[in-house]
Amino acid sequence: MIAIIDYGIGNLHSVSKAIERLGYETCVTSSEKEILAADGAILPGVGAFGDAMKHLRETGLQEVVYKFVDTGKPLLGICLGMQLLFSSSEEYGEHKGLDLLPGHVVRFQGDYKIPHMGWNRLDVKQPTHLLFEGIESGYVYFVHSFHVKLDDPANLLATTDYYQEVTAVVGKDNVFGMQFHPEKSSDVGISLLSNFLKTTVVSVSLSKD
Amino acid sequence: MLAKRIIPCLDVKDGRVVKGVNFVNLKDAGDPVELAEIYDKEGADELVFLDISASVEGRATMVEVVKQTAGEIAIPFTVGGGISSVEDMKKLLRAGADKIGMNTAAVKNPNLVSEGAQKFGSQCIVVAIDAKYNEEWKEWEVYTHGGRNATGIKALQWVKEVEKLGAGEILLTSMDADGTKDGFDIQLTRAVSDLVNIPVIASGGAGKSEHFNDVFSAGKADAGLAASIFHYKELSIENVKHDLKQKGVEVR
């Protein structure tokens, strides 16, 4: 079972259907019990960083996310969900994030189109990582106006080029993030999602041993 | 850098695709969900559904189509046609649409654009503009109601205004080029692309692969949209992308 963490924002239909098509059961849930019982969890996100963190705090889901990560089972943040994993964001004021990964979310700045919206090529930095099995590169679909500056380059798994190097995929132990929408990124996105879901099976079999 | 996008457009009436479509291996030529899946497999970067239903029931059916489509395809899609309130947008976005297209509604009530952008984000709001060259003005004029009504509004002013209102993208149809298959309206597309700082989807006139190359290079468009040439298999998305790659255009 894959839990899609529902904290009151965003459209979760596409991501849950994409996971179901890959043969996994999903539940869109805000229940601590269901989330902690799941084999893997997705932290989705659309909207503003500050609002999202407020929802997570007020609903108690912030603590649930920490507990889930402590179990060692894999968590994937998508789009704003990836940005929430980091220490802080400057989106409409300074906001604290979940701080599961060290880094900061900053605004795109320059004489170019913002948001960064459309298909852009992934530059895989750690090709041997589980997430990239069977994927050398390829295009994925981005929609975002803020991007992540990592403090620890070891957590940077892939980037893309949009007038600068832009963080696209991050990972540390069992915590992963994708800035783009894998559920909207055709074959490449679905393969990335599938590789993430495979780690849920690995972690389940490990925990059973 | 961002890849140039190729976008097929499907006209849907009461939940069925209209305009003859002759795909091989298609079980039901009128099923929008099945067509959407085929276009996804063929390499479409996005899809546009234009709901041309005239009835309340037809529009309700569209929400169901959107829901099913969102469950089957893994590319973004826009739904336009007959949207006249924030509530309409919410229904379609909830059902799984990524973007909402507005044309006549935006002209009638420009506040809808800003309300939608504030509530759902600019990236969700596409303003569709039908433009036709006005010989007297020596400029393009905006038309509404599927090209039937001249508005007296200058297209180059309207694009600036919708950008200010918070539109995330412009879907620009040249009524002069539409249906000709002689190529996109490069002058119009270029004029609009030079004026705004949001992506421009060029529409109307595509007949060959090189037309896409022209509108991306000379027209500075971010995406090219076409309907019948893809539906009738006069052009395949795969071939268009292959030709664009050969010419050095970045495509997915």
# chains A, B, ... in the order shown; residues from 1 in each chain; ligands from 1
>>> interface_residues(of="chain A", to="chain B", cutoff="7 Å", atoms="only C-alpha atoms", output="PyMOL selection string")
chain A and resi 11+13-14+17-18+113+118-120+139+161-162+183-186
>>> write_last_selection(atoms="all heavy atoms", output="compact mmCIF listing (two decimals), in the first residue's frame")
# COMPACT_ATOMS: atom_id res chain seq x y z
N ASN A 11 -4.39 18.38 -6.41
CA ASN A 11 -5.16 17.35 -7.07
C ASN A 11 -4.37 16.06 -7.01
O ASN A 11 -3.27 15.95 -7.55
CB ASN A 11 -5.40 17.78 -8.53
CG ASN A 11 -5.80 16.61 -9.39
OD1 ASN A 11 -6.49 15.71 -8.95
ND2 ASN A 11 -5.32 16.61 -10.61
N HIS A 13 -5.54 13.01 -7.81
CA HIS A 13 -6.11 11.97 -8.65
C HIS A 13 -5.08 11.40 -9.64
O HIS A 13 -4.92 10.18 -9.75
CB HIS A 13 -7.30 12.56 -9.41
CG HIS A 13 -8.02 11.60 -10.29
ND1 HIS A 13 -8.67 10.49 -9.81
CD2 HIS A 13 -8.19 11.59 -11.64
CE1 HIS A 13 -9.21 9.84 -10.82
NE2 HIS A 13 -8.94 10.48 -11.94
N SER A 14 -4.35 12.27 -10.33
CA SER A 14 -3.41 11.82 -11.36
C SER A 14 -2.30 10.95 -10.77
O SER A 14 -1.96 9.92 -11.30
CB SER A 14 -2.76 13.01 -12.06
OG SER A 14 -3.74 13.77 -12.71
N LYS A 17 -3.69 7.53 -9.62
CA LYS A 17 -3.99 6.64 -10.75
C LYS A 17 -2.70 6.11 -11.40
O LYS A 17 -2.63 4.96 -11.81
CB LYS A 17 -4.82 7.38 -11.82
CG LYS A 17 -6.24 7.62 -11.42
CD LYS A 17 -6.99 6.33 -11.14
CE LYS A 17 -7.83 5.89 -12.32
NZ LYS A 17 -8.67 4.72 -11.99
N ALA A 18 -1.69 6.97 -11.50
CA ALA A 18 -0.42 6.55 -12.11
C ALA A 18 0.19 5.40 -11.30
O ALA A 18 0.69 4.42 -11.86
CB ALA A 18 0.55 7.72 -12.19
N LYS A 113 11.36 33.50 -18.75
CA LYS A 113 9.98 33.19 -18.39
C LYS A 113 9.90 32.42 -17.08
O LYS A 113 10.60 31.43 -16.88
CB LYS A 113 9.31 32.39 -19.52
CG LYS A 113 9.09 33.24 -20.76
CD LYS A 113 8.47 32.48 -21.91
CE LYS A 113 8.39 33.41 -23.13
NZ LYS A 113 7.81 32.76 -24.30
N GLY A 118 7.18 23.34 -18.53
CA GLY A 118 7.29 22.58 -19.76
C GLY A 118 8.23 21.40 -19.61
O GLY A 118 8.61 21.03 -18.49
N TRP A 119 8.61 20.83 -20.75
CA TRP A 119 9.44 19.63 -20.76
C TRP A 119 10.90 20.02 -20.80
O TRP A 119 11.33 20.77 -21.67
CB TRP A 119 9.12 18.78 -21.99
CG TRP A 119 7.73 18.24 -21.97
CD1 TRP A 119 6.61 18.85 -22.44
CD2 TRP A 119 7.32 16.96 -21.46
NE1 TRP A 119 5.51 18.03 -22.25
CE2 TRP A 119 5.92 16.88 -21.66
CE3 TRP A 119 7.99 15.88 -20.87
CZ2 TRP A 119 5.17 15.75 -21.28
CZ3 TRP A 119 7.25 14.78 -20.49
CH2 TRP A 119 5.87 14.71 -20.69
N ASN A 120 11.66 19.50 -19.84
CA ASN A 120 13.08 19.80 -19.83
C ASN A 120 13.87 18.51 -19.57
O ASN A 120 13.35 17.55 -18.99
CB ASN A 120 13.39 20.85 -18.76
CG ASN A 120 14.55 21.74 -19.15
OD1 ASN A 120 15.42 21.33 -19.95
ND2 ASN A 120 14.59 22.94 -18.60
N TYR A 139 13.24 13.61 -20.98
CA TYR A 139 12.54 14.84 -20.64
C TYR A 139 11.44 14.57 -19.62
O TYR A 139 10.76 13.55 -19.68
CB TYR A 139 11.91 15.44 -21.89
CG TYR A 139 12.92 16.10 -22.79
CD1 TYR A 139 13.63 15.35 -23.74
CD2 TYR A 139 13.18 17.45 -22.70
CE1 TYR A 139 14.56 15.96 -24.57
CE2 TYR A 139 14.11 18.07 -23.52
CZ TYR A 139 14.79 17.31 -24.45
OH TYR A 139 15.72 17.91 -25.26
N ASP A 161 18.54 22.08 -16.87
CA ASP A 161 19.12 23.37 -17.20
C ASP A 161 18.02 24.36 -17.54
O ASP A 161 17.30 24.18 -18.52
CB ASP A 161 20.08 23.22 -18.38
CG ASP A 161 20.58 24.57 -18.87
OD1 ASP A 161 20.90 25.42 -18.01
OD2 ASP A 161 20.64 24.79 -20.09
N TYR A 162 17.87 25.38 -16.72
CA TYR A 162 16.97 26.47 -17.05
C TYR A 162 17.66 27.77 -16.65
O TYR A 162 17.50 28.26 -15.53
CB TYR A 162 15.62 26.31 -16.33
CG TYR A 162 14.55 27.25 -16.88
CD1 TYR A 162 14.13 27.16 -18.20
CD2 TYR A 162 13.98 28.22 -16.07
CE1 TYR A 162 13.18 28.03 -18.71
CE2 TYR A 162 13.01 29.09 -16.58
CZ TYR A 162 12.62 28.99 -17.90
OH TYR A 162 11.67 29.84 -18.41
N GLU A 183 4.13 11.95 -12.66
CA GLU A 183 2.85 11.42 -13.15
C GLU A 183 2.38 12.12 -14.41
O GLU A 183 1.43 11.69 -15.04
CB GLU A 183 1.80 11.51 -12.03
CG GLU A 183 1.19 12.87 -11.77
CD GLU A 183 2.06 13.83 -10.94
OE1 GLU A 183 3.26 13.55 -10.73
OE2 GLU A 183 1.53 14.88 -10.52
N LYS A 184 3.07 13.23 -14.77
CA LYS A 184 2.72 13.96 -16.00
C LYS A 184 3.88 13.91 -17.00
O LYS A 184 3.90 14.69 -17.95
CB LYS A 184 2.41 15.42 -15.67
CG LYS A 184 1.15 15.61 -14.86
CD LYS A 184 -0.09 15.41 -15.72
CE LYS A 184 -1.35 15.40 -14.88
NZ LYS A 184 -2.52 15.07 -15.71
N SER A 185 4.86 13.07 -16.73
CA SER A 185 6.08 13.08 -17.54
C SER A 185 6.23 11.85 -18.41
O SER A 185 7.34 11.36 -18.65
CB SER A 185 7.31 13.24 -16.64
OG SER A 185 7.26 14.47 -15.96
N SER A 186 5.10 11.36 -18.88
CA SER A 186 5.08 10.26 -19.84
C SER A 186 5.97 9.09 -19.40
O SER A 186 6.07 8.82 -18.20
CB SER A 186 5.45 10.79 -21.22
OG SER A 186 4.93 9.96 -22.22
>>> residues_around(residues="stretch 68-82 of chain A", least_positions_apart="3", cutoff="8 Å", atoms="only C-alpha atoms", output="NGL selection string")
:A and (35-36 or 39-49 or 64-65 or 85-86 or 143-144 or 174-182 or 196 or 199-200 or 203-204)
>>> atom_distance(atom1="atom CA of B:Gln157", atom2="atom CA of B:Ala206")
25.3 Å
>>> residues_around(residues="B:Leu92", least_positions_apart="3", cutoff="10 Å", atoms="only C-alpha atoms", output="list in words")
Ala60, Met62, Val63, Glu64, Val65, Val66, Lys67, Thr78, Val79, Gly80, Ile83, Glu87, Asp88, Met89, Ala95, Gly96, Ala97, Asp98, Lys99 and Ile100 of chain B
>>> write_last_selection(atoms="N, CA, C and O atoms", output="PDB file, in the first residue's frame")
ATOM      1  N   ALA B  60     -21.488  18.447 -18.109  1.00  0.00           N
ATOM      2  CA  ALA B  60     -21.321  17.516 -16.988  1.00  0.00           C
ATOM      3  C   ALA B  60     -20.579  16.274 -17.478  1.00  0.00           C
ATOM      4  O   ALA B  60     -19.710  15.734 -16.781  1.00  0.00           O
ATOM      5  N   MET B  62     -18.398  16.203 -19.773  1.00  0.00           N
ATOM      6  CA  MET B  62     -16.988  16.571 -19.966  1.00  0.00           C
ATOM      7  C   MET B  62     -16.181  16.355 -18.690  1.00  0.00           C
ATOM      8  O   MET B  62     -15.040  15.909 -18.739  1.00  0.00           O
ATOM      9  N   VAL B  63     -16.778  16.673 -17.547  1.00  0.00           N
ATOM     10  CA  VAL B  63     -16.073  16.473 -16.277  1.00  0.00           C
ATOM     11  C   VAL B  63     -15.719  14.989 -16.109  1.00  0.00           C
ATOM     12  O   VAL B  63     -14.620  14.634 -15.684  1.00  0.00           O
ATOM     13  N   GLU B  64     -16.649  14.134 -16.513  1.00  0.00           N
ATOM     14  CA  GLU B  64     -16.415  12.684 -16.430  1.00  0.00           C
ATOM     15  C   GLU B  64     -15.285  12.273 -17.382  1.00  0.00           C
ATOM     16  O   GLU B  64     -14.410  11.481 -17.014  1.00  0.00           O
ATOM     17  N   VAL B  65     -15.301  12.841 -18.599  1.00  0.00           N
ATOM     18  CA  VAL B  65     -14.241  12.556 -19.582  1.00  0.00           C
ATOM     19  C   VAL B  65     -12.876  12.974 -19.025  1.00  0.00           C
ATOM     20  O   VAL B  65     -11.884  12.241 -19.139  1.00  0.00           O
ATOM     21  N   VAL B  66     -12.838  14.136 -18.388  1.00  0.00           N
ATOM     22  CA  VAL B  66     -11.586  14.646 -17.815  1.00  0.00           C
ATOM     23  C   VAL B  66     -11.072  13.684 -16.746  1.00  0.00           C
ATOM     24  O   VAL B  66      -9.894  13.340 -16.694  1.00  0.00           O
ATOM     25  N   LYS B  67     -11.973  13.222 -15.924  1.00  0.00           N
ATOM     26  CA  LYS B  67     -11.609  12.314 -14.844  1.00  0.00           C
ATOM     27  C   LYS B  67     -11.005  11.017 -15.395  1.00  0.00           C
ATOM     28  O   LYS B  67      -9.974  10.550 -14.923  1.00  0.00           O
ATOM     29  N   THR B  78      -5.108  20.373 -21.121  1.00  0.00           N
ATOM     30  CA  THR B  78      -5.895  21.585 -20.923  1.00  0.00           C
ATOM     31  C   THR B  78      -7.323  21.316 -21.349  1.00  0.00           C
ATOM     32  O   THR B  78      -7.536  20.616 -22.337  1.00  0.00           O
ATOM     33  N   VAL B  79      -8.264  21.874 -20.612  1.00  0.00           N
ATOM     34  CA  VAL B  79      -9.658  21.766 -21.022  1.00  0.00           C
ATOM     35  C   VAL B  79     -10.221  23.170 -21.197  1.00  0.00           C
ATOM     36  O   VAL B  79     -10.063  24.023 -20.332  1.00  0.00           O
ATOM     37  N   GLY B  80     -10.833  23.392 -22.355  1.00  0.00           N
ATOM     38  CA  GLY B  80     -11.424  24.697 -22.630  1.00  0.00           C
ATOM     39  C   GLY B  80     -12.815  24.531 -23.194  1.00  0.00           C
ATOM     40  O   GLY B  80     -13.225  23.428 -23.551  1.00  0.00           O
ATOM     41  N   ILE B  83     -16.319  27.613 -20.191  1.00  0.00           N
ATOM     42  CA  ILE B  83     -16.028  27.869 -18.777  1.00  0.00           C
ATOM     43  C   ILE B  83     -16.417  29.305 -18.450  1.00  0.00           C
ATOM     44  O   ILE B  83     -15.962  30.237 -19.095  1.00  0.00           O
ATOM     45  N   GLU B  87     -16.055  28.357 -10.292  1.00  0.00           N
ATOM     46  CA  GLU B  87     -16.597  27.051  -9.906  1.00  0.00           C
ATOM     47  C   GLU B  87     -16.407  26.026 -11.044  1.00  0.00           C
ATOM     48  O   GLU B  87     -16.024  24.876 -10.792  1.00  0.00           O
ATOM     49  N   ASP B  88     -16.651  26.469 -12.300  1.00  0.00           N
ATOM     50  CA  ASP B  88     -16.418  25.588 -13.458  1.00  0.00           C
ATOM     51  C   ASP B  88     -14.960  25.138 -13.501  1.00  0.00           C
ATOM     52  O   ASP B  88     -14.651  23.975 -13.765  1.00  0.00           O
ATOM     53  N   MET B  89     -14.056  26.088 -13.257  1.00  0.00           N
ATOM     54  CA  MET B  89     -12.616  25.765 -13.305  1.00  0.00           C
ATOM     55  C   MET B  89     -12.277  24.729 -12.239  1.00  0.00           C
ATOM     56  O   MET B  89     -11.571  23.768 -12.488  1.00  0.00           O
ATOM     57  N   ALA B  95     -11.197  17.330 -11.283  1.00  0.00           N
ATOM     58  CA  ALA B  95     -11.363  16.085 -12.046  1.00  0.00           C
ATOM     59  C   ALA B  95     -10.027  15.633 -12.656  1.00  0.00           C
ATOM     60  O   ALA B  95      -9.918  14.509 -13.126  1.00  0.00           O
ATOM     61  N   GLY B  96      -9.028  16.526 -12.651  1.00  0.00           N
ATOM     62  CA  GLY B  96      -7.710  16.095 -13.106  1.00  0.00           C
ATOM     63  C   GLY B  96      -7.130  16.886 -14.261  1.00  0.00           C
ATOM     64  O   GLY B  96      -6.032  16.584 -14.731  1.00  0.00           O
ATOM     65  N   ALA B  97      -7.847  17.920 -14.740  1.00  0.00           N
ATOM     66  CA  ALA B  97      -7.263  18.772 -15.783  1.00  0.00           C
ATOM     67  C   ALA B  97      -6.090  19.537 -15.184  1.00  0.00           C
ATOM     68  O   ALA B  97      -6.095  19.854 -13.990  1.00  0.00           O
ATOM     69  N   ASP B  98      -5.072  19.805 -15.986  1.00  0.00           N
ATOM     70  CA  ASP B  98      -3.918  20.551 -15.496  1.00  0.00           C
ATOM     71  C   ASP B  98      -4.081  22.042 -15.720  1.00  0.00           C
ATOM     72  O   ASP B  98      -3.550  22.854 -14.984  1.00  0.00           O
ATOM     73  N   LYS B  99      -4.782  22.369 -16.810  1.00  0.00           N
ATOM     74  CA  LYS B  99      -4.952  23.776 -17.160  1.00  0.00           C
ATOM     75  C   LYS B  99      -6.364  24.002 -17.677  1.00  0.00           C
ATOM     76  O   LYS B  99      -6.999  23.081 -18.193  1.00  0.00           O
ATOM     77  N   ILE B 100      -6.808  25.245 -17.534  1.00  0.00           N
ATOM     78  CA  ILE B 100      -8.128  25.637 -18.001  1.00  0.00           C
ATOM     79  C   ILE B 100      -7.961  26.672 -19.105  1.00  0.00           C
ATOM     80  O   ILE B 100      -7.209  27.631 -18.946  1.00  0.00           O
TER      81      ILE B 100
END
>>> residues_around(residues="A:His147", least_positions_apart="4", cutoff="8 Å", atoms="only C-alpha atoms", output="CSV table (one decimal) with N, CA, C and O atoms, in the first residue's frame")
chain,number,residue,atom,x,y,z
A,83,GLN,N,10.1,20.4,-2.3
A,83,GLN,CA,10.6,21.6,-1.7
A,83,GLN,C,10.4,21.6,-0.2
A,83,GLN,O,11.2,22.1,0.6
A,105,VAL,N,14.9,26.9,-0.4
A,105,VAL,CA,14.1,27.1,-1.6
A,105,VAL,C,14.1,28.6,-2.0
A,105,VAL,O,13.8,29.4,-1.2
A,106,VAL,N,14.6,28.9,-3.2
A,106,VAL,CA,14.7,30.3,-3.6
A,106,VAL,C,13.9,30.5,-4.9
A,106,VAL,O,13.6,29.6,-5.7
A,107,ARG,N,13.6,31.8,-5.2
A,107,ARG,CA,12.9,32.2,-6.4
A,107,ARG,C,13.8,32.2,-7.6
A,107,ARG,O,15.0,32.6,-7.5
A,108,PHE,N,13.2,31.8,-8.7
A,108,PHE,CA,14.0,32.1,-10.0
A,108,PHE,C,14.1,33.6,-10.2
A,108,PHE,O,13.1,34.3,-10.0
A,166,VAL,N,19.4,23.5,-12.3
A,166,VAL,CA,18.2,23.5,-11.4
A,166,VAL,C,18.1,22.1,-10.8
A,166,VAL,O,18.1,21.1,-11.5
A,167,THR,N,17.9,22.1,-9.5
A,167,THR,CA,17.7,20.8,-8.8
A,167,THR,C,16.5,20.1,-9.3
A,167,THR,O,15.4,20.7,-9.2
>>> closest_residue(among="A:Ile190, A:Ile135, A:Ile19, A:Leu101", to="A:Asp152", atoms="only C-alpha atoms")
A:Leu101
>>> residues_around(residues="B:Tyr133", least_positions_apart="3", cutoff="12 Å", atoms="only C-alpha atoms", output="ChimeraX atom specification")
/B:130,136-143,150,152-156,173-177,185,187-188
>>> write_last_selection(atoms="N, CA and C atoms", output="short mmCIF file (atom, residue, chain, number, x, y, z; two decimals), in the first residue's frame")
data_model
loop_
_atom_site.label_atom_id
_atom_site.label_comp_id
_atom_site.auth_asym_id
_atom_site.auth_seq_id
_atom_site.Cartn_x
_atom_site.Cartn_y
_atom_site.Cartn_z
N ASP B 130 -8.70 34.05 -30.52
CA ASP B 130 -8.90 33.89 -31.96
C ASP B 130 -8.69 35.26 -32.59
N GLU B 136 -8.56 47.43 -42.28
CA GLU B 136 -8.65 48.86 -41.98
C GLU B 136 -7.63 49.28 -40.95
N TRP B 137 -7.56 48.47 -39.87
CA TRP B 137 -6.65 48.80 -38.77
C TRP B 137 -5.19 48.53 -39.11
N LYS B 138 -4.99 47.64 -40.06
CA LYS B 138 -3.64 47.09 -40.32
C LYS B 138 -3.11 46.42 -39.04
N GLU B 139 -4.03 45.72 -38.38
CA GLU B 139 -3.69 45.04 -37.12
C GLU B 139 -4.65 43.88 -36.92
N TRP B 140 -4.37 43.03 -35.94
CA TRP B 140 -5.23 41.88 -35.72
C TRP B 140 -6.34 42.20 -34.73
N GLU B 141 -7.53 41.65 -34.99
CA GLU B 141 -8.68 41.87 -34.13
C GLU B 141 -9.07 40.57 -33.42
N VAL B 142 -9.54 40.70 -32.19
CA VAL B 142 -9.97 39.53 -31.41
C VAL B 142 -11.41 39.17 -31.76
N TYR B 143 -11.64 37.90 -31.99
CA TYR B 143 -12.99 37.39 -32.24
C TYR B 143 -13.38 36.43 -31.11
N ALA B 150 -16.86 39.63 -34.02
CA ALA B 150 -15.74 40.58 -33.92
C ALA B 150 -15.95 41.40 -32.66
N GLY B 152 -13.89 44.22 -31.74
CA GLY B 152 -13.35 45.58 -31.76
C GLY B 152 -12.11 45.73 -30.89
N ILE B 153 -11.63 44.61 -30.34
CA ILE B 153 -10.45 44.66 -29.47
C ILE B 153 -9.21 44.30 -30.29
N LYS B 154 -8.16 45.07 -30.12
CA LYS B 154 -6.90 44.78 -30.81
C LYS B 154 -6.19 43.62 -30.12
N ALA B 155 -5.81 42.63 -30.91
CA ALA B 155 -5.21 41.42 -30.34
C ALA B 155 -3.93 41.73 -29.58
N LEU B 156 -3.12 42.64 -30.11
CA LEU B 156 -1.83 42.91 -29.47
C LEU B 156 -1.99 43.66 -28.14
N THR B 173 -4.83 31.48 -31.93
CA THR B 173 -5.28 30.91 -33.20
C THR B 173 -5.43 32.01 -34.23
N SER B 174 -4.77 31.82 -35.35
CA SER B 174 -4.94 32.75 -36.46
C SER B 174 -6.11 32.29 -37.30
N MET B 175 -7.16 33.08 -37.35
CA MET B 175 -8.33 32.71 -38.16
C MET B 175 -8.00 32.80 -39.65
N ASP B 176 -7.02 33.64 -39.99
CA ASP B 176 -6.63 33.75 -41.40
C ASP B 176 -5.93 32.48 -41.87
N ALA B 177 -5.13 31.88 -40.99
CA ALA B 177 -4.36 30.69 -41.38
C ALA B 177 -5.14 29.40 -41.16
N ASP B 185 0.51 31.36 -38.90
CA ASP B 185 0.64 32.80 -39.14
C ASP B 185 1.88 33.29 -38.39
N GLN B 187 3.72 36.04 -38.74
CA GLN B 187 3.73 37.46 -38.34
C GLN B 187 2.99 37.69 -37.04
N LEU B 188 1.78 37.13 -36.97
CA LEU B 188 0.97 37.27 -35.77
C LEU B 188 1.66 36.63 -34.57
#
>>> closest_residue(among="A:Asp51, A:Gly171, A:Leu131, A:Glu34", to="A:Leu197", atoms="only C-alpha atoms")
A:Leu131
>>> decode(residues="stretch 133-159 of chain A", atoms="C-alpha atoms", output="compact mmCIF listing (two decimals), in the first residue's frame")
# COMPACT_ATOMS: atom_id res chain seq x y z
CA GLU A 133 17.61 2.06 -13.25
CA GLY A 134 16.92 1.82 -16.98
CA ILE A 135 16.90 5.60 -17.40
CA GLU A 136 19.89 7.43 -18.84
CA SER A 137 18.27 10.76 -19.39
CA GLY A 138 15.07 12.06 -20.91
CA TYR A 139 12.54 14.84 -20.64
CA VAL A 140 10.22 15.44 -17.71
CA TYR A 141 7.47 17.98 -17.09
CA PHE A 142 8.20 20.91 -14.76
CA VAL A 143 5.95 23.65 -13.38
CA HIS A 144 7.55 25.79 -10.68
CA SER A 145 8.61 29.33 -9.83
CA PHE A 146 10.95 28.43 -6.95
CA HIS A 147 13.83 26.01 -6.89
CA VAL A 148 16.04 24.26 -4.38
CA LYS A 149 19.60 25.20 -3.49
CA LEU A 150 21.11 22.19 -1.76
CA ASP A 151 23.59 22.49 1.09
CA ASP A 152 24.91 18.99 0.55
CA PRO A 153 25.76 18.07 -3.07
CA ALA A 154 25.75 14.39 -2.07
CA ASN A 155 21.93 14.60 -2.04
CA LEU A 156 21.74 15.85 -5.61
CA LEU A 157 20.70 13.01 -7.93
CA ALA A 158 19.70 14.89 -11.11
CA THR A 159 19.46 18.42 -12.42
